[in-house]
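Novice: My structure is in entry.txt, and what it holds is compact mmCIF, C-alpha atoms:
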```txt
# COMPACT_ATOMS: atom_id res chain seq x y z
CA MET A 26 -36.36 -43.42 -47.69
CA LYS A 27 -33.39 -45.55 -48.53
CA ILE A 28 -29.83 -44.65 -47.50
CA SER A 29 -27.20 -45.20 -50.16
CA PRO A 30 -24.31 -47.61 -49.48
CA GLN A 31 -21.83 -44.73 -49.87
CA VAL A 32 -23.49 -42.74 -47.02
CA LYS A 33 -23.58 -45.87 -44.79
CA LYS A 34 -19.90 -46.52 -45.42
CA THR A 35 -18.98 -42.90 -44.59
CA PHE A 36 -21.10 -43.03 -41.43
CA TYR A 37 -19.43 -46.25 -40.21
CA ILE A 38 -15.96 -44.85 -40.91
CA LEU A 39 -16.76 -41.70 -38.93
CA VAL A 40 -18.14 -43.75 -36.01
CA LEU A 41 -14.99 -45.93 -36.05
CA ILE A 42 -12.72 -42.85 -36.05
CA GLY A 43 -14.75 -41.38 -33.17
CA LEU A 44 -14.43 -44.58 -31.13
CA ILE A 45 -10.70 -44.76 -31.71
CA ALA A 46 -10.20 -41.08 -30.78
CA GLY A 47 -12.42 -41.43 -27.70
CA GLY A 48 -10.60 -44.56 -26.59
CA TRP A 49 -7.21 -42.88 -26.98
CA ALA A 50 -8.36 -39.77 -25.08
CA THR A 51 -9.70 -41.90 -22.22
CA TRP A 52 -6.48 -43.91 -22.03
CA TYR A 53 -4.38 -40.72 -22.07
CA VAL A 54 -6.32 -39.09 -19.23
CA PHE A 55 -6.31 -42.13 -16.95
CA PHE A 56 -2.83 -43.51 -17.60
CA LYS A 57 -0.62 -40.46 -18.17
CA PRO A 58 2.28 -40.17 -15.73
CA HIS A 59 1.73 -38.07 -12.63
CA ARG A 60 3.65 -34.88 -12.06
CA ASP A 61 6.74 -35.13 -9.85
CA ALA A 62 7.56 -31.58 -8.76
CA GLY A 63 10.51 -32.85 -6.74
CA MET A 64 12.29 -33.87 -9.94
CA GLU A 65 11.36 -30.92 -12.17
CA LYS A 66 13.63 -27.97 -12.85
CA PRO A 67 12.68 -25.46 -10.13
CA ALA A 68 11.01 -22.25 -11.28
CA TYR A 69 12.37 -20.46 -8.20
CA THR A 70 15.23 -21.03 -5.77
CA ILE A 71 14.74 -19.25 -2.45
CA THR A 72 15.50 -19.50 1.27
CA ALA A 73 12.75 -20.40 3.69
CA ASP A 74 13.05 -17.05 5.49
CA ALA A 75 12.82 -15.05 2.25
CA LEU A 76 9.76 -17.03 1.10
CA SER A 77 8.04 -16.55 4.46
CA GLN A 78 8.78 -12.83 4.37
CA LYS A 79 7.38 -12.47 0.83
CA PHE A 80 4.13 -14.19 1.81
CA SER A 81 3.69 -12.29 5.09
CA GLU A 82 4.36 -8.90 3.46
CA ASN A 83 2.13 -9.61 0.45
CA PRO A 84 -0.42 -12.47 0.64
CA GLY A 85 -0.95 -11.96 -3.11
CA ALA A 86 2.51 -13.45 -3.66
CA VAL A 87 0.79 -16.81 -3.59
CA ASN A 88 -0.21 -16.15 -7.21
CA THR A 89 3.47 -16.00 -8.18
CA TYR A 90 4.43 -19.29 -6.52
CA ILE A 91 1.25 -21.41 -6.56
CA ASP A 92 1.59 -24.70 -8.46
CA LYS A 93 5.25 -23.97 -9.30
CA ALA A 94 8.21 -26.18 -8.44
CA ILE A 95 10.50 -24.34 -6.04
CA LEU A 96 13.76 -25.19 -4.30
CA ILE A 97 13.78 -24.05 -0.67
CA GLU A 98 16.82 -23.95 1.61
CA GLY A 99 16.21 -23.64 5.32
CA THR A 100 16.69 -24.95 8.83
CA VAL A 101 14.50 -27.84 9.96
CA THR A 102 12.28 -26.91 12.91
CA GLU A 103 10.20 -30.11 13.07
CA VAL A 104 10.19 -33.58 11.51
CA GLY A 105 6.96 -35.58 11.27
CA LYS A 106 6.03 -38.96 9.77
CA SER A 107 5.49 -37.56 6.29
CA SER A 108 6.41 -33.89 6.60
CA VAL A 109 9.20 -31.50 7.50
CA SER A 110 8.75 -27.95 8.78
CA LEU A 111 11.10 -25.14 7.87
CA GLY A 112 9.66 -22.52 10.19
CA ASN A 113 6.17 -21.78 8.87
CA ILE A 114 6.74 -23.78 5.66
CA ILE A 115 5.33 -27.30 5.82
CA CYS A 116 6.86 -29.69 3.28
CA ASN A 117 4.75 -32.81 2.69
CA PHE A 118 6.35 -35.93 1.25
CA GLU A 119 4.54 -38.64 -0.70
CA GLU A 120 4.55 -42.19 0.68
CA GLY A 121 7.36 -43.44 -1.54
CA LYS A 122 9.68 -40.58 -0.56
CA SER A 123 8.95 -40.31 3.16
CA GLU A 124 11.76 -42.78 4.01
CA GLN A 125 14.17 -39.88 3.42
CA LEU A 126 12.84 -38.25 6.58
CA GLY A 127 14.70 -40.70 8.84
CA LYS A 128 17.97 -39.01 7.91
CA ILE A 129 16.78 -35.52 8.90
CA SER A 130 17.12 -33.98 12.35
CA THR A 131 15.90 -30.74 13.89
CA GLY A 132 18.34 -27.85 13.41
CA GLN A 133 19.80 -29.30 10.21
CA THR A 134 20.01 -27.06 7.13
CA ILE A 135 18.59 -28.76 4.03
CA LYS A 136 17.31 -28.08 0.54
CA ILE A 137 13.84 -29.32 -0.32
CA GLN A 138 12.13 -29.09 -3.68
CA GLY A 139 8.38 -29.31 -4.14
CA ARG A 140 5.22 -27.61 -5.38
CA VAL A 141 3.63 -24.72 -3.49
CA SER A 142 0.06 -25.84 -2.96
CA THR A 143 -1.53 -23.42 -0.46
CA TYR A 144 -0.97 -20.47 1.81
CA ASN A 145 -2.98 -20.00 5.00
CA ASP A 146 -2.72 -16.31 5.83
CA LEU A 147 -4.58 -16.75 9.13
CA LEU A 148 -1.93 -19.14 10.51
CA ASP A 149 0.81 -17.78 8.21
CA GLU A 150 1.57 -21.29 6.91
CA ILE A 151 2.90 -22.15 3.47
CA VAL A 152 2.21 -25.72 2.35
CA VAL A 153 4.53 -27.38 -0.15
CA ASP A 154 3.73 -30.88 -1.44
CA MET A 155 5.38 -33.46 -3.75
CA CYS A 156 8.62 -32.74 -1.89
CA ALA A 157 12.04 -34.32 -2.38
CA ILE A 158 15.26 -33.66 -0.53
CA LYS A 159 18.03 -32.27 -2.72
```
For this file, produce the structure as structure tokens.
Specialist:
Amino acid sequence: MKISPQVKKTFYILVLIGLIAGGWATWYVFFKPHRDAGMEKPAYTITADALSQKFSENPGAVNTYIDKAILIEGTVTEVGKSSVSLGNIICNFEEGKSEQLGKISTGQTIKIQGRVSTYNDLLDEIVVDMCAIK
């Protein structure tokens, strides 16, 4: 059985289009910019006490806030190497932004924006990552 030149040409064009589309998709997945929740427009603005109360009263509230950028205002209870605690809310900073922590002291009232990543109902801890001080 002999394949006509027209069918060969169509086959090669389709393979070339597939390679180009596959190459673009691979490049897009591996080199797209990472999300920066600290610089996004916040979906919610809330105080640390109000957020803690919402989570302790209704653990299902995590579904409302999970993976959303929020702006939290509260009093600093602890400052670590790469995190700040606002009561039971732990705000984790990425390496490039952790130099901002040197300016923070315990008892200071600040605004932090980040992404709610998890809630531990056993320890009543809310974890916020990708944080930035506002």
Novice: Please measure the separation of atom CA of A:Asp61 and atom CA of A:Asp146, giving the value in Å to one decimal.
Specialist: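 So the answer is 26.3 Å.
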Novice: Can you pull out the residues contacting stretch 70-83 of chain A? Cut-off 7 Å, using all atoms listed in the file, and skip same-chain residues under 6 positions away; I want them as a PyMOL selection string.
Specialist: chain A and resi 95-99+111+149
Novice: At a cut-off of 12 Å, using all atoms listed in the file, what residues contact stretch 102-108 of chain A? Leave out same-chain residues fewer than 2 positions from it and give the result as a ChimeraX atom specification.
Specialist: /A:73,99-100,110-135,137,139,152-158
Novice: Find the spatial neighbours of A:Thr143, counting all atoms listed in the file, within a cut-off of 9 Å - ignore same-chain residues fewer than 4 positions away - and output them as a PDB file with C-alpha atoms, keeping the file's coordinate frame.
Specialist:
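As a result, part28.pdb now contains:
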```pdb
ATOM      1  CA  VAL A  87       0.790 -16.810  -3.590  1.00  0.00           C
ATOM      2  CA  ILE A  91       1.250 -21.410  -6.560  1.00  0.00           C
ATOM      3  CA  ASP A  92       1.590 -24.700  -8.460  1.00  0.00           C
ATOM      4  CA  GLU A 150       1.570 -21.290   6.910  1.00  0.00           C
ATOM      5  CA  ILE A 151       2.900 -22.150   3.470  1.00  0.00           C
ATOM      6  CA  VAL A 152       2.210 -25.720   2.350  1.00  0.00           C
ATOM      7  CA  VAL A 153       4.530 -27.380  -0.150  1.00  0.00           C
TER       8      VAL A 153
END
```
Novice: So, with all atoms listed in the file as the atoms that count, which of A:Thr89, A:Lys33, A:Asn145, A:Met26 lies closest to A:Tyr69?
Specialist: A:Thr89
Novice: Grab the atom CA of A:Tyr144 to atom CA of A:Lys66 distance for me, in Å with one decimal place.
Specialist: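 Separating atom CA of A:Tyr144 from atom CA of A:Lys66 is a distance of 22.0 Å.
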